[in-house]
Structure formats: C-alpha cells, structure tokens
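Next comes entry.cif, a file with mmCIF, C-alpha atoms.
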```cif
data_run
#
loop_
_atom_site.label_atom_id
_atom_site.label_comp_id
_atom_site.auth_asym_id
_atom_site.auth_seq_id
_atom_site.Cartn_x
_atom_site.Cartn_y
_atom_site.Cartn_z
CA MET Z 1 0.00 0.00 0.00
CA GLU Z 2 2.81 2.40 0.90
CA MET Z 3 4.56 1.76 -2.46
CA LYS Z 4 1.28 2.45 -4.31
CA LEU Z 5 0.94 5.80 -2.50
CA ILE Z 6 4.54 6.73 -3.38
CA MET Z 7 3.92 5.90 -7.06
CA ILE Z 8 0.74 8.03 -7.08
CA LEU Z 9 2.65 10.97 -5.58
CA ILE Z 10 5.47 10.60 -8.11
CA LEU Z 11 3.03 10.48 -11.04
CA HIS Z 12 1.18 13.50 -9.68
CA ALA Z 13 4.45 15.46 -9.42
CA ILE Z 14 5.38 14.51 -12.99
CA LEU Z 15 1.99 15.55 -14.35
CA ILE Z 16 2.30 18.94 -12.67
CA THR Z 17 5.92 19.51 -13.73
CA VAL Z 18 5.96 18.25 -17.35
CA PRO Z 19 3.80 21.03 -18.88
CA PHE Z 20 6.18 23.65 -17.51
CA LEU Z 21 9.27 21.83 -18.76
CA ALA Z 22 7.84 21.11 -22.19
CA HIS Z 23 6.85 24.66 -23.04
CA GLY Z 24 9.57 26.70 -21.39
CA SER Z 25 8.35 30.20 -20.57
CA ILE Z 26 5.61 30.29 -23.23
CA ASN Z 27 2.13 30.00 -21.80
CA THR Z 28 0.16 27.73 -24.14
CA SER Z 29 -2.97 27.36 -22.04
CA PRO Z 30 -6.25 27.93 -23.92
CA GLU Z 31 -6.82 31.10 -21.90
CA ALA Z 32 -3.37 32.51 -22.73
CA VAL Z 33 -3.76 31.74 -26.44
CA GLU Z 34 -7.22 33.35 -26.52
CA LYS Z 35 -5.85 36.41 -24.70
CA TRP Z 36 -3.00 36.63 -27.23
CA PHE Z 37 -5.47 36.59 -30.14
CA GLU Z 38 -7.76 39.18 -28.55
CA GLU Z 39 -5.27 41.58 -26.95
CA GLU Z 40 -1.85 41.22 -28.58
CA LEU Z 41 -2.50 40.16 -32.18
CA PRO Z 42 -4.47 43.29 -33.19
CA HIS Z 43 -1.43 45.42 -32.24
CA ALA Z 44 1.29 43.00 -33.30
CA LYS Z 45 3.56 43.72 -36.22
CA GLU Z 46 4.47 40.90 -38.57
CA LYS Z 47 8.17 40.03 -38.49
CA LEU Z 48 10.56 37.89 -40.48
CA THR Z 49 12.72 35.32 -38.70
CA LYS Z 50 15.57 33.49 -40.44
CA LEU Z 51 16.86 30.23 -38.97
CA ARG Z 52 19.66 27.88 -39.98
CA PHE Z 53 20.25 24.47 -38.45
CA TYR Z 54 21.11 20.87 -39.34
CA PHE Z 55 18.79 17.86 -39.31
CA HIS Z 56 20.41 14.48 -38.45
CA ASP Z 57 18.48 11.60 -40.06
CA ILE Z 58 19.91 8.36 -38.63
CA VAL Z 59 18.51 5.09 -40.00
CA SER Z 60 21.38 2.80 -38.97
CA GLY Z 61 22.85 1.53 -35.71
CA ASN Z 62 21.35 0.69 -32.34
CA ASN Z 63 19.66 4.06 -31.79
CA PRO Z 64 18.09 5.19 -35.09
CA THR Z 65 16.15 8.45 -35.22
CA VAL Z 66 13.99 7.10 -38.08
CA VAL Z 67 12.04 3.85 -38.03
CA ARG Z 68 9.97 2.19 -40.73
CA VAL Z 69 6.44 1.66 -39.42
CA ALA Z 70 4.53 0.48 -42.50
CA GLU Z 71 4.98 -0.61 -46.10
CA ALA Z 72 3.03 -1.98 -49.03
CA ASN Z 73 3.45 -5.59 -50.17
CA THR Z 74 5.48 -4.29 -53.13
CA SER Z 75 7.65 -1.70 -51.29
CA ASN Z 76 10.75 -3.90 -51.02
CA THR Z 77 10.69 -4.68 -54.76
CA SER Z 78 10.01 -1.07 -55.79
CA PRO Z 79 13.11 0.78 -57.06
CA THR Z 80 11.87 3.89 -55.20
CA PHE Z 81 10.60 2.15 -52.00
CA PHE Z 82 7.09 3.33 -52.97
CA GLY Z 83 4.70 2.84 -50.06
CA VAL Z 84 7.19 2.85 -47.18
CA VAL Z 85 6.13 4.97 -44.19
CA ALA Z 86 8.67 6.07 -41.57
CA VAL Z 87 8.45 8.00 -38.31
CA MET Z 88 11.26 10.36 -37.34
CA ASP Z 89 12.57 12.13 -34.28
CA ASP Z 90 15.70 13.71 -35.73
CA PRO Z 91 18.00 15.98 -33.72
CA LEU Z 92 18.39 19.59 -34.88
CA THR Z 93 21.79 21.16 -34.23
CA LEU Z 94 23.46 24.50 -34.94
CA GLY Z 95 26.35 22.80 -36.75
CA PRO Z 96 26.64 19.82 -39.09
CA VAL Z 97 28.32 17.45 -36.62
CA PRO Z 98 26.15 15.48 -34.16
CA THR Z 99 27.98 16.98 -31.16
CA SER Z 100 27.03 20.54 -32.18
CA GLU Z 101 24.70 22.46 -29.88
CA ARG Z 102 21.25 20.91 -30.02
CA VAL Z 103 18.33 23.29 -30.55
CA GLY Z 104 15.46 20.84 -31.00
CA SER Z 105 14.09 17.95 -33.02
CA ALA Z 106 12.26 17.29 -36.26
CA LYS Z 107 9.33 15.05 -35.33
CA GLY Z 108 6.92 13.59 -37.84
CA ILE Z 109 6.43 11.17 -40.69
CA TYR Z 110 7.58 10.69 -44.23
CA THR Z 111 6.32 8.40 -46.93
CA PHE Z 112 8.01 7.28 -50.12
CA ALA Z 113 5.26 8.65 -52.35
CA SER Z 114 6.64 8.47 -55.89
CA GLN Z 115 6.88 5.57 -58.32
CA GLU Z 116 9.20 7.47 -60.68
CA ASP Z 117 11.91 8.84 -58.38
CA PHE Z 118 12.97 9.07 -54.75
CA GLY Z 119 10.24 11.47 -53.68
CA LEU Z 120 8.94 11.75 -50.16
CA LEU Z 121 5.78 13.26 -48.75
CA MET Z 122 6.95 14.87 -45.51
CA ALA Z 123 4.78 16.09 -42.63
CA PHE Z 124 6.73 17.14 -39.56
CA ASN Z 125 7.35 19.76 -36.90
CA PHE Z 126 10.54 21.52 -35.98
CA VAL Z 127 10.24 21.36 -32.18
CA PHE Z 128 12.60 23.86 -30.56
CA THR Z 129 13.97 23.02 -27.12
CA GLY Z 130 16.68 25.60 -26.64
CA GLY Z 131 17.32 29.33 -26.73
CA LYS Z 132 14.69 31.99 -27.29
CA TYR Z 133 12.49 29.62 -29.34
CA ASN Z 134 12.26 27.01 -26.57
CA GLY Z 135 8.76 25.53 -26.53
CA SER Z 136 7.87 26.78 -30.01
CA THR Z 137 7.27 24.77 -33.18
CA LEU Z 138 7.13 25.21 -36.94
CA SER Z 139 4.97 22.84 -39.02
CA VAL Z 140 6.24 21.75 -42.43
CA LEU Z 141 4.40 19.84 -45.14
CA GLY Z 142 5.66 19.09 -48.63
CA HIS Z 143 7.28 17.02 -51.35
CA ASN Z 144 10.96 16.14 -50.98
CA ARG Z 145 12.64 14.96 -54.17
CA LEU Z 146 15.80 13.50 -52.65
CA THR Z 147 17.81 13.61 -55.88
CA GLU Z 148 17.62 17.41 -56.16
CA LYS Z 149 20.40 19.49 -54.64
CA TYR Z 150 17.97 22.03 -53.12
CA ARG Z 151 14.44 21.31 -51.94
CA GLU Z 152 11.82 23.76 -50.75
CA PHE Z 153 9.00 23.04 -48.31
CA PRO Z 154 6.16 25.27 -47.21
CA VAL Z 155 5.99 26.19 -43.54
CA VAL Z 156 2.26 25.97 -42.91
CA GLY Z 157 2.01 27.05 -39.28
CA GLY Z 158 3.60 27.26 -35.90
CA SER Z 159 3.09 27.60 -32.18
CA GLY Z 160 4.54 29.59 -29.30
CA VAL Z 161 6.76 32.36 -30.65
CA PHE Z 162 5.78 31.23 -34.16
CA ARG Z 163 1.98 31.49 -33.87
CA LEU Z 164 0.39 32.02 -37.31
CA ALA Z 165 3.73 31.35 -39.03
CA ARG Z 166 4.03 30.92 -42.76
CA GLY Z 167 7.12 30.67 -44.85
CA VAL Z 168 9.63 28.42 -46.55
CA ALA Z 169 12.11 25.80 -45.35
CA ALA Z 170 14.91 25.30 -47.88
CA ALA Z 171 16.82 22.03 -47.53
CA LYS Z 172 20.19 20.94 -48.89
CA THR Z 173 21.78 17.56 -48.20
CA TYR Z 174 25.05 18.25 -46.41
CA ILE Z 175 26.17 14.62 -46.05
CA PHE Z 176 24.62 11.38 -47.26
CA ASN Z 177 26.27 8.10 -46.31
CA THR Z 178 25.49 5.67 -49.15
CA SER Z 179 26.42 2.61 -47.08
CA THR Z 180 24.23 3.37 -44.04
CA GLY Z 181 21.56 5.68 -45.45
CA ASP Z 182 22.26 8.23 -42.71
CA ALA Z 183 22.06 11.89 -43.72
CA VAL Z 184 22.71 15.39 -42.44
CA VAL Z 185 20.53 18.04 -44.06
CA GLU Z 186 21.09 21.80 -43.80
CA TYR Z 187 17.88 23.80 -43.36
CA ASN Z 188 17.53 27.51 -44.02
CA VAL Z 189 14.10 28.62 -42.82
CA MET Z 190 12.40 31.97 -43.37
CA VAL Z 191 9.09 32.55 -41.62
CA LEU Z 192 6.70 35.44 -41.20
CA HIS Z 193 4.97 35.51 -37.82
CA TYR Z 194 3.69 37.91 -35.17
#
```
Represent the supplied structure as structure tokens.
Amino acid sequence: MEMKLIMILILHAILITVPFLAHGSINTSPEAVEKWFEEELPHAKEKLTKLRFYFHDIVSGNNPTVVRVAEANTSNTSPTFFGVVAVMDDPLTLGPVPTSERVGSAKGIYTFASQEDFGLLMAFNFVFTGGKYNGSTLSVLGHNRLTEKYREFPVVGGSGVFRLARGVAAAKTYIFNTSTGDAVVEYNVMVLHY
C-alpha cells in the first residue's frame, strides 16, 4: 500500500511539472492563447525570422532516429521504395556534426510517395527546445525529391513564438552516407509571424 501511494505521488508530481518543462516560458494554455489573439495580435507587427540548423536523419545503428512503421506488399521490390512509411525524431543542431549544440528535433512522418523517383511526402514539426524559441514549433508539409540538390517546403504554421507562421524551409543535403543511409541536411528557414 505504501509503495502504491509513493507511485501516485510521483506520477502527480510529474503531471504537474511536465507542462512547464515542455513549453519553457511560453504559456500555451487555452486562456493565454485566446488572450494573445484578442489583446496582442491586433497590435502585433508581422516580423521575419531566419533560422539555420542541421537535421540528423539516422537510419542505422542501435539508436536510429527514423524507423519504418509500414509498407506496401510491393515496397521492397520497388526501385523507389514506394509505399514505405517512416516516423522520425531527428536531432536539430546548430552545426553539421552530431555533437554541435542541439536546438530541437524534427518530429513527424515521411512516406516514399513516388513511383518514378525518390520522392517523399513529408509532414513534420521543428520542435525547438533551446534558446529563445524554446517551446515553439514550426509545421512543415511538402514534397521532398531527394535527388535534387535544393528542396523547398512550405511552412504551414507554428506555435509559441511562431503562432500564425508561414514561410519556406529550404533544404540541402550536407552529407549522405550511401552505405548506411544516414544523412545530415542543412535547413535555411524563413518565416513570417507575429
């Protein structure tokens, strides 16, 4: 009985603490968001924010950041892996090496969605966990033709500091390891927000 009480107290403490840790100093309660829309947005000036960071897509090893979660019966015989669905939780860093300062994660899904080339449908969030954007996100949705040097994705929204964001995320493969499939991708993001 005593152990059960201790576990209940620990879970209660976690449930109270986690919302504050997850969102940093940004109040994301429904009341705070409504207040922001009613009181701050009418007087807010739209601004442009430019970001640059690196996305580490690790499919190999004991601790991959991407895992295959579904596939069609024909995916393994398709030259473009058509029908494969993967979930990602890729680190975002300020520099191209994995030990660079971490600023967040790219969390979402991608699907091999082309029969003609290596084209992905990507739906993910840049989830920022450091610096002045801690607790904020940018939502990205678009087509990623892996064989092109530069790819462009629409930024379709955001949260926290990036409420009502819209813009463009430009991607360029920095490193692609042909033997493991691991990649580092440089992202240059420009977003308009309030």
Convert the output of the PyMOL selection byres ((chain Z and resi 159) around 6) on the shown file into explicit residues, formatted as a list in words.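 Selected by the PyMOL selection byres ((chain Z and resi 159) around 6) here: Ser136, Thr137, Gly158, Gly160, Phe162 and Arg163 of chain Z.
Comparing the minimum interatomic distances between Tyr133 of chain Z and each of Z:Leu51, Z:Leu192, Z:Leu120, Z:Val161, counting all atoms listed in the file, we find that Z:Val161 sits nearest.
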I'd like the residues picked by the PyMOL selection byres ((chain Z and resi 173) around 7) written out as a ChimeraX atom specification, using the chain letters and numbers from the file. /Z:149,171-172,174-176,184-186
Would you translate the PyMOL selection byres ((chain Z and resi 94) around 8) into the concrete set of residues it matches in this file, as an MDAnalysis selection string? chainID Z and resid 52:54 92:93 95:96 100:103
What is the atom CA of Ala169 of chain Z-atom CA of Val191 of chain Z distance in Å, reported with one decimal?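 Separating atom CA of Ala169 of chain Z from atom CA of Val191 of chain Z is a distance of 8.3 Å.
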In Å, how far is it from atom CA of Arg151 of chain Z to atom CA of Val189 of chain Z?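 Separation of atom CA of Arg151 of chain Z and atom CA of Val189 of chain Z: 11.7 Å.
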Selected residue, from Z:Glu148, Z:Asp90, Z:Glu71, Z:Glu31, that lies nearest to Ala113 of chain Z when counting only C-alpha atoms: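 Looking only at the distances to Ala113 of chain Z, the closest residue turns out to be Z:Glu71.
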Z:Gly104, Z:Pro79, Z:Pro64, Z:Pro42: which is nearest Asn134 of chain Z, counting all atoms listed in the file?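 The shortest atom-to-atom distance to Asn134 of chain Z comes from Z:Gly104.
Take the candidates Z:Trp36, Z:Tyr194, Z:Tyr150, Z:Tyr187 and check each one against Phe126 of chain Z using only C-alpha atoms; the shortest distance goes to Z:Tyr187.
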List as a list of chain:residue names the residues having at least one atom at most 9 Å from position (8.2, 8.2, -45.1) as given in the file, counting all atoms listed in the file. Z:Arg68, Z:Val69, Z:Ala70, Z:Gly83, Z:Val84, Z:Val85, Z:Ala86, Z:Val87, Z:Met88, Z:Ile109, Z:Tyr110, Z:Thr111, Z:Phe112, Z:Ala113, Z:Leu120, Z:Leu121, Z:Met122, Z:Ala123
Enter the distance from atom CA of Ser60 of chain Z to atom CA of Ala183 of chain Z, in Å, rounded to one decimal.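 According to the coordinates, atom CA of Ser60 of chain Z and atom CA of Ala183 of chain Z are separated by 10.3 Å.
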